[in-house]
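To keep things clear, I will list the structure first and then write my remarks on it.
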Amino acid sequence: MPEHVLVTGGAGYIGAHACKALARAGYVPVCFDNLSTGWEAAVKFGPLERGDLMDAAAIRAALARWKPVAVMHFAALSLVGDSMTDPGRYWRVNVGGALNLIEACLAEGVGRFVFSSTCATYGDQDGVVLDEETPQRPINAYGASKLAIEQMLGNFGASHGLQSVIFRYFNVAGADPEGEVGERHEPETHLIPLMLDAVEGKRAALTVFGSDYATADGTCLRDYVHVTDLAEAHVRGLRWLQDGRGSRVFCLGTGTGYSVREVIDHARVVTNRAVPIVEGARRAGDAAALVCGSARAREELGWAPERGLDAMIRDAWRWSQGRGF
């Protein structure tokens with residue numbers, strides 16, 4: 001019998017790619033999603049359980065029905081700017097929803113939990129490559145809510161034996177190279193799809209938010225990881241737990257940062273088109289430079305990113321031109 005994995009947020013960008021990676025690895029991903037930001041058309045690799053993490057009974061019912069070997073938790077509010085203006089919503093939805101999910105897992109005997117966290121838990125720490133031992137000092141409610149969930153997992157692990165793998169990562173980009181799933185948000189806030197929309201004329205220009213940061217060219221610098229590489233890491237995290245290796249935190253990144261202007265330069269080469277831009281003010285909560293190492297994931301999970309920035313832009317460009325969902 002194939003093993004089931006409940007994937008919260010499985011109709012979203014990263015969750016849908018994780019479902020594809022799980023199916024490819026022989027699991028049956030069960031997507032649990034309220035479709036508030038996800039897309040039913042992205043649920044292609046297993047069944048859909050339409051439900052909300054604020055509804056504890058619905059979570060328990062889904063777990064009882066499918067009896068998954070683990071949960072992968074992606075569902076969350078994730079807009080940094082929004083979290084700065086409405087922090088209460090992030091604490092209610094992200095932390096409250098995760099608590100419901102964790103308690104439902106324990107009630108239904110699901111003892112393995114793979115959590116999609118974020119390097120936003122570190123805050124603004126320039127000049128260092130962030131790793132699992134870097135102190136966590138979030139500067140926005142999004143990062144703070146994710147850190148709270150990490151701490152909850154530690155508490156429930158100590159008291160109830162819940163085993164968890166936590167992944168921290170930054171900017172995820174690209175699309176499934178086969179074109180089955182890709183990135184689509186409404187509203188869109190991520191740099192690469194916004195940039196490609198500007199290239200295609202779907203928006204007038206890409207806004208560069210801030211050009212006076214303490215970086216080489218004044219624009220924010222970030223570590224980008226291909227969504228397919230990221231999804232494969234989550235499958236490795238699941239297997240880590242199934243092998244009985246215990247709770248662990250892993251950072252996922254390339255260790256190399258690219259500024260906004262450098263990403264734009266790469267896009268010009270990949271698409272062979274101009275990228276129209278306008279200069280904008282800084283956004284509240286944005287850190288200047290965030291780069292993530294992944295030495296532990298390489299050494300212990302055997303994971304390494306295989307696809308660079310050009311591949312991310314190329315795959316996203318292909319998806320954008322044949323836009324699905």
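Ligands are numbered from 1 in the order shown, chains are lettered A, B, ... in the order of the structure tokens, and residues start at 1 in each chain.
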Query raised in the report: Taking the backbone alone, and naming residues the way the document does, which bits of segment 94-277 of chain A are alpha helix (DSSP H) by DSSP, as JSON, numbers by chain?
Result: {"A": [97, 98, 99, 100, 101, 102, 103, 104, 105, 106, 107, 141, 142, 143, 144, 145, 146, 147, 148, 149, 150, 151, 152, 153, 154, 155, 156, 157, 158, 159, 160, 191, 192, 193, 194, 195, 196, 197, 198, 199, 200, 227, 228, 229, 230, 231, 232, 233, 234, 235, 236, 237, 238, 239, 240, 241, 242, 260, 261, 262, 263, 264, 265, 266, 267, 268, 269, 270, 271]}
Report task. Write out as a PyMOL selection string each polymer residue whose atoms come within 6 Å of segment 159-174 of chain A, counting only C-alpha atoms; drop sequence neighbours fewer than 5 positions from it. Result -> chain A and resi 111-119+224-227+246-252+312-313+315-316
Kindly export the residues of the current selection with N, CA, C and O atoms, as a compact mmCIF listing (two decimals), in the first residue's frame.
```txt
# COMPACT_ATOMS: atom_id res chain seq x y z
N GLY A 111 2.95 11.17 14.12
CA GLY A 111 4.09 11.62 14.92
C GLY A 111 5.24 12.23 14.15
O GLY A 111 6.29 12.51 14.73
N ARG A 112 5.05 12.47 12.84
CA ARG A 112 6.13 13.06 12.02
C ARG A 112 5.62 14.33 11.36
O ARG A 112 4.52 14.34 10.79
N PHE A 113 6.42 15.38 11.41
CA PHE A 113 5.99 16.71 10.99
C PHE A 113 7.14 17.40 10.26
O PHE A 113 8.20 17.63 10.84
N VAL A 114 6.94 17.73 8.99
CA VAL A 114 7.93 18.48 8.21
C VAL A 114 7.40 19.90 8.05
O VAL A 114 6.31 20.10 7.50
N PHE A 115 8.16 20.86 8.52
CA PHE A 115 7.67 22.24 8.59
C PHE A 115 8.45 23.18 7.68
O PHE A 115 9.68 23.24 7.72
N SER A 116 7.71 23.91 6.88
CA SER A 116 8.27 24.95 6.01
C SER A 116 8.39 26.24 6.80
O SER A 116 7.43 26.99 6.94
N SER A 117 9.58 26.48 7.34
CA SER A 117 9.83 27.72 8.07
C SER A 117 10.49 28.71 7.12
O SER A 117 10.35 28.63 5.90
N THR A 118 11.24 29.63 7.66
CA THR A 118 11.81 30.70 6.84
C THR A 118 13.05 31.28 7.50
O THR A 118 13.14 31.34 8.74
N CYS A 119 13.98 31.75 6.69
CA CYS A 119 15.13 32.46 7.22
C CYS A 119 14.76 33.87 7.66
O CYS A 119 15.61 34.58 8.20
N TYR A 224 18.62 32.81 -3.57
CA TYR A 224 17.51 32.20 -4.30
C TYR A 224 17.75 30.70 -4.46
O TYR A 224 18.87 30.27 -4.72
N VAL A 225 16.67 29.92 -4.30
CA VAL A 225 16.76 28.47 -4.47
C VAL A 225 15.63 28.02 -5.37
O VAL A 225 14.50 28.54 -5.30
N HIS A 226 15.93 27.09 -6.28
CA HIS A 226 14.92 26.60 -7.23
C HIS A 226 13.87 25.78 -6.50
O HIS A 226 14.18 24.95 -5.65
N VAL A 227 12.62 26.01 -6.86
CA VAL A 227 11.51 25.36 -6.17
C VAL A 227 11.58 23.84 -6.29
O VAL A 227 11.19 23.12 -5.36
N GLY A 246 15.24 11.40 14.17
CA GLY A 246 14.90 12.41 15.16
C GLY A 246 14.73 13.80 14.60
O GLY A 246 14.95 14.06 13.41
N SER A 247 14.34 14.72 15.46
CA SER A 247 14.06 16.09 15.05
C SER A 247 15.35 16.81 14.66
O SER A 247 16.40 16.63 15.29
N ARG A 248 15.23 17.68 13.64
CA ARG A 248 16.41 18.37 13.13
C ARG A 248 15.99 19.63 12.38
O ARG A 248 14.90 19.68 11.78
N VAL A 249 16.84 20.63 12.41
CA VAL A 249 16.64 21.87 11.66
C VAL A 249 17.66 21.91 10.53
O VAL A 249 18.84 21.61 10.74
N PHE A 250 17.20 22.29 9.34
CA PHE A 250 18.09 22.42 8.19
C PHE A 250 17.84 23.76 7.49
O PHE A 250 16.69 24.13 7.25
N CYS A 251 18.91 24.45 7.15
CA CYS A 251 18.81 25.62 6.28
C CYS A 251 19.02 25.16 4.84
O CYS A 251 19.85 24.29 4.57
N LEU A 252 18.28 25.77 3.94
CA LEU A 252 18.37 25.41 2.52
C LEU A 252 18.67 26.67 1.72
O LEU A 252 17.86 27.60 1.68
N MET A 312 16.37 29.09 -12.76
CA MET A 312 15.14 29.57 -12.11
C MET A 312 14.40 30.53 -13.02
O MET A 312 13.18 30.43 -13.20
N ILE A 313 15.13 31.49 -13.58
CA ILE A 313 14.50 32.47 -14.46
C ILE A 313 13.99 31.80 -15.73
O ILE A 313 12.87 32.07 -16.18
N ASP A 315 13.03 28.63 -16.24
CA ASP A 315 11.85 27.80 -16.00
C ASP A 315 10.63 28.67 -15.68
O ASP A 315 9.51 28.37 -16.11
N ALA A 316 10.85 29.74 -14.93
CA ALA A 316 9.75 30.66 -14.64
C ALA A 316 9.28 31.37 -15.91
O ALA A 316 8.08 31.59 -16.10
```
Quick one: everything within 9 Å of Pro177 of chain A, counting only C-alpha atoms, minus sequence neighbours fewer than 4 positions away in the same chain. Send it as a PDB file with all heavy atoms, in the first residue's frame.
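Writing the result to selection_11.pdb gives the following:
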```
ATOM      1  N   VAL A 181       3.350  22.475 -12.968  1.00  0.00           N
ATOM      2  CA  VAL A 181       2.999  23.465 -11.948  1.00  0.00           C
ATOM      3  C   VAL A 181       3.995  24.613 -12.008  1.00  0.00           C
ATOM      4  O   VAL A 181       5.120  24.455 -12.479  1.00  0.00           O
ATOM      5  CB  VAL A 181       2.975  22.856 -10.520  1.00  0.00           C
ATOM      6  CG1 VAL A 181       1.728  22.023 -10.315  1.00  0.00           C
ATOM      7  CG2 VAL A 181       4.220  22.029 -10.250  1.00  0.00           C
ATOM      8  N   GLY A 182       3.567  25.771 -11.533  1.00  0.00           N
ATOM      9  CA  GLY A 182       4.425  26.941 -11.548  1.00  0.00           C
ATOM     10  C   GLY A 182       3.998  27.914 -10.481  1.00  0.00           C
ATOM     11  O   GLY A 182       3.260  27.570  -9.554  1.00  0.00           O
ATOM     12  N   THR A 228      12.080  23.319  -7.393  1.00  0.00           N
ATOM     13  CA  THR A 228      12.197  21.863  -7.541  1.00  0.00           C
ATOM     14  C   THR A 228      13.253  21.304  -6.603  1.00  0.00           C
ATOM     15  O   THR A 228      13.060  20.255  -5.979  1.00  0.00           O
ATOM     16  CB  THR A 228      12.512  21.505  -9.001  1.00  0.00           C
ATOM     17  OG1 THR A 228      11.430  21.936  -9.830  1.00  0.00           O
ATOM     18  CG2 THR A 228      12.700  20.000  -9.179  1.00  0.00           C
ATOM     19  N   ASP A 315      13.034  28.630 -16.239  1.00  0.00           N
ATOM     20  CA  ASP A 315      11.853  27.802 -15.996  1.00  0.00           C
ATOM     21  C   ASP A 315      10.630  28.667 -15.678  1.00  0.00           C
ATOM     22  O   ASP A 315       9.510  28.365 -16.112  1.00  0.00           O
ATOM     23  CB  ASP A 315      12.114  26.816 -14.853  1.00  0.00           C
ATOM     24  CG  ASP A 315      13.127  25.742 -15.235  1.00  0.00           C
ATOM     25  OD1 ASP A 315      13.322  25.517 -16.445  1.00  0.00           O
ATOM     26  OD2 ASP A 315      13.729  25.135 -14.323  1.00  0.00           O
ATOM     27  N   ALA A 316      10.852  29.742 -14.933  1.00  0.00           N
ATOM     28  CA  ALA A 316       9.750  30.664 -14.639  1.00  0.00           C
ATOM     29  C   ALA A 316       9.278  31.368 -15.911  1.00  0.00           C
ATOM     30  O   ALA A 316       8.082  31.588 -16.099  1.00  0.00           O
ATOM     31  CB  ALA A 316      10.194  31.690 -13.596  1.00  0.00           C
ATOM     32  N   ARG A 318       9.412  30.167 -18.980  1.00  0.00           N
ATOM     33  CA  ARG A 318       8.648  29.187 -19.762  1.00  0.00           C
ATOM     34  C   ARG A 318       7.239  29.059 -19.198  1.00  0.00           C
ATOM     35  O   ARG A 318       6.250  29.035 -19.942  1.00  0.00           O
ATOM     36  CB  ARG A 318       9.358  27.835 -19.745  1.00  0.00           C
ATOM     37  CG  ARG A 318       8.704  26.776 -20.646  1.00  0.00           C
ATOM     38  CD  ARG A 318       9.390  25.429 -20.501  1.00  0.00           C
ATOM     39  NE  ARG A 318      10.820  25.504 -20.789  1.00  0.00           N
ATOM     40  CZ  ARG A 318      11.784  25.294 -19.902  1.00  0.00           C
ATOM     41  NH1 ARG A 318      11.480  25.006 -18.642  1.00  0.00           N
ATOM     42  NH2 ARG A 318      13.047  25.368 -20.253  1.00  0.00           N
ATOM     43  N   TRP A 319       7.132  28.978 -17.877  1.00  0.00           N
ATOM     44  CA  TRP A 319       5.817  28.876 -17.240  1.00  0.00           C
ATOM     45  C   TRP A 319       4.986  30.130 -17.495  1.00  0.00           C
ATOM     46  O   TRP A 319       3.790  30.060 -17.801  1.00  0.00           O
ATOM     47  CB  TRP A 319       5.991  28.654 -15.737  1.00  0.00           C
ATOM     48  CG  TRP A 319       4.724  28.809 -14.957  1.00  0.00           C
ATOM     49  CD1 TRP A 319       4.311  29.898 -14.256  1.00  0.00           C
ATOM     50  CD2 TRP A 319       3.671  27.844 -14.831  1.00  0.00           C
ATOM     51  NE1 TRP A 319       3.086  29.675 -13.677  1.00  0.00           N
ATOM     52  CE2 TRP A 319       2.677  28.424 -14.018  1.00  0.00           C
ATOM     53  CE3 TRP A 319       3.496  26.553 -15.302  1.00  0.00           C
ATOM     54  CZ2 TRP A 319       1.501  27.750 -13.676  1.00  0.00           C
ATOM     55  CZ3 TRP A 319       2.333  25.883 -14.970  1.00  0.00           C
ATOM     56  CH2 TRP A 319       1.352  26.467 -14.166  1.00  0.00           C
TER      57      TRP A 319
END
```
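Considering only C-alpha atoms, the residue among A:Gly322, A:Pro276, A:Gly244, A:Gly257 positioned nearest to Gly293 of chain A is A:Gly257.
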Requested in this report: Within 9 Å of segment 185-189 of chain A, counting only C-alpha atoms, which residues show up once you throw out same-chain ones fewer than 3 positions away? Write them as JSON, numbers by chain, please.
Outcome: {"A": [12, 13, 37, 38, 79, 193, 194]}
Would you list the contacts of Thr271 of chain A as a tab-separated table (two decimals) with C-alpha atoms, in the first residue's frame, taking every protein, DNA or RNA residue within 12 Å and counting only C-alpha atoms, but skipping same-chain residues closer than 5 positions in sequence?
```tsv
chain	number	residue	atom	x	y	z
A	195	MET	CA	9.92	41.03	-13.37
A	196	LEU	CA	8.80	38.61	-16.08
A	197	ASP	CA	5.36	40.22	-16.14
A	198	ALA	CA	7.10	43.53	-16.86
A	199	VAL	CA	9.17	41.90	-19.59
A	200	GLU	CA	6.01	40.56	-21.24
A	264	ILE	CA	17.37	41.92	-13.45
A	265	ASP	CA	20.66	41.64	-15.35
A	266	HIS	CA	20.36	37.84	-15.47
A	310	ASP	CA	19.52	31.30	-14.72
A	311	ALA	CA	17.62	28.00	-14.54
A	312	MET	CA	15.14	29.57	-12.11
A	313	ILE	CA	14.50	32.47	-14.46
A	314	ARG	CA	14.37	30.22	-17.53
A	315	ASP	CA	11.85	27.80	-16.00
A	316	ALA	CA	9.75	30.66	-14.64
A	317	TRP	CA	9.87	32.36	-18.05
A	318	ARG	CA	8.65	29.19	-19.76
A	320	SER	CA	4.91	32.54	-17.58
A	321	GLN	CA	4.58	32.32	-21.34
```
Report task. Give the answer as one residue: which of A:Gly51, A:Gly143, A:Gly179, A:Gly280 has the shortest atom-to-atom distance to Lys20 of chain A, using only C-alpha atoms? Result -> A:Gly179
Query raised in the report: Which residue gives the smallest distance to Ala21 of chain A among A:Arg236, A:Arg50, A:Arg137, A:His73, with only C-alpha atoms counted?
Result: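 The shortest atom-to-atom distance to Ala21 of chain A comes from A:Arg236.
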Report the closest atom pair, with its distance in Å rounded to one decimal, for each residue of segment 7-66 of chain A that has an atom no farther than 9 Å from segment 83-106 of chain A; count only C-alpha atoms, sort by chain and then rising residue number, and write it as a tab-separated table.
```
residue	atom	partner	partner_atom	distance
A:Asp52	CA	A:Gly97	CA	8.2
A:Leu53	CA	A:Gly97	CA	4.7
A:Met54	CA	A:Gly97	CA	5.2
A:Asp55	CA	A:Asn100	CA	7.7
A:Ala56	CA	A:Asn100	CA	5.4
A:Ala57	CA	A:Ala104	CA	8.2
A:Ile59	CA	A:Ala104	CA	6.5
A:Arg60	CA	A:Ala104	CA	5.3
A:Leu63	CA	A:Cys105	CA	7.4
```
Query raised in the report: Residues of segment 74-129 of chain A in strand (DSSP E) according to DSSP, as a ChimeraX atom specification?
Result: /A:112-116,129
Put those residues in a file: N, CA, C and O atoms, as a PDB file, in the first residue's frame.
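Output contents, as saved in result.pdb:
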```pdb
ATOM      1  N   ARG A 112       5.051  12.467  12.839  1.00  0.00           N
ATOM      2  CA  ARG A 112       6.125  13.056  12.020  1.00  0.00           C
ATOM      3  C   ARG A 112       5.616  14.335  11.362  1.00  0.00           C
ATOM      4  O   ARG A 112       4.524  14.345  10.785  1.00  0.00           O
ATOM      5  N   PHE A 113       6.423  15.381  11.407  1.00  0.00           N
ATOM      6  CA  PHE A 113       5.987  16.708  10.989  1.00  0.00           C
ATOM      7  C   PHE A 113       7.141  17.398  10.260  1.00  0.00           C
ATOM      8  O   PHE A 113       8.203  17.631  10.839  1.00  0.00           O
ATOM      9  N   VAL A 114       6.938  17.729   8.989  1.00  0.00           N
ATOM     10  CA  VAL A 114       7.926  18.476   8.206  1.00  0.00           C
ATOM     11  C   VAL A 114       7.397  19.898   8.049  1.00  0.00           C
ATOM     12  O   VAL A 114       6.315  20.102   7.501  1.00  0.00           O
ATOM     13  N   PHE A 115       8.159  20.865   8.521  1.00  0.00           N
ATOM     14  CA  PHE A 115       7.672  22.240   8.595  1.00  0.00           C
ATOM     15  C   PHE A 115       8.449  23.179   7.675  1.00  0.00           C
ATOM     16  O   PHE A 115       9.678  23.236   7.718  1.00  0.00           O
ATOM     17  N   SER A 116       7.710  23.913   6.877  1.00  0.00           N
ATOM     18  CA  SER A 116       8.269  24.947   6.012  1.00  0.00           C
ATOM     19  C   SER A 116       8.394  26.236   6.803  1.00  0.00           C
ATOM     20  O   SER A 116       7.434  26.990   6.937  1.00  0.00           O
ATOM     21  N   VAL A 129      26.783  34.379   6.610  1.00  0.00           N
ATOM     22  CA  VAL A 129      25.995  33.331   5.977  1.00  0.00           C
ATOM     23  C   VAL A 129      25.211  32.657   7.092  1.00  0.00           C
ATOM     24  O   VAL A 129      25.792  32.087   8.019  1.00  0.00           O
TER      25      VAL A 129
END
```
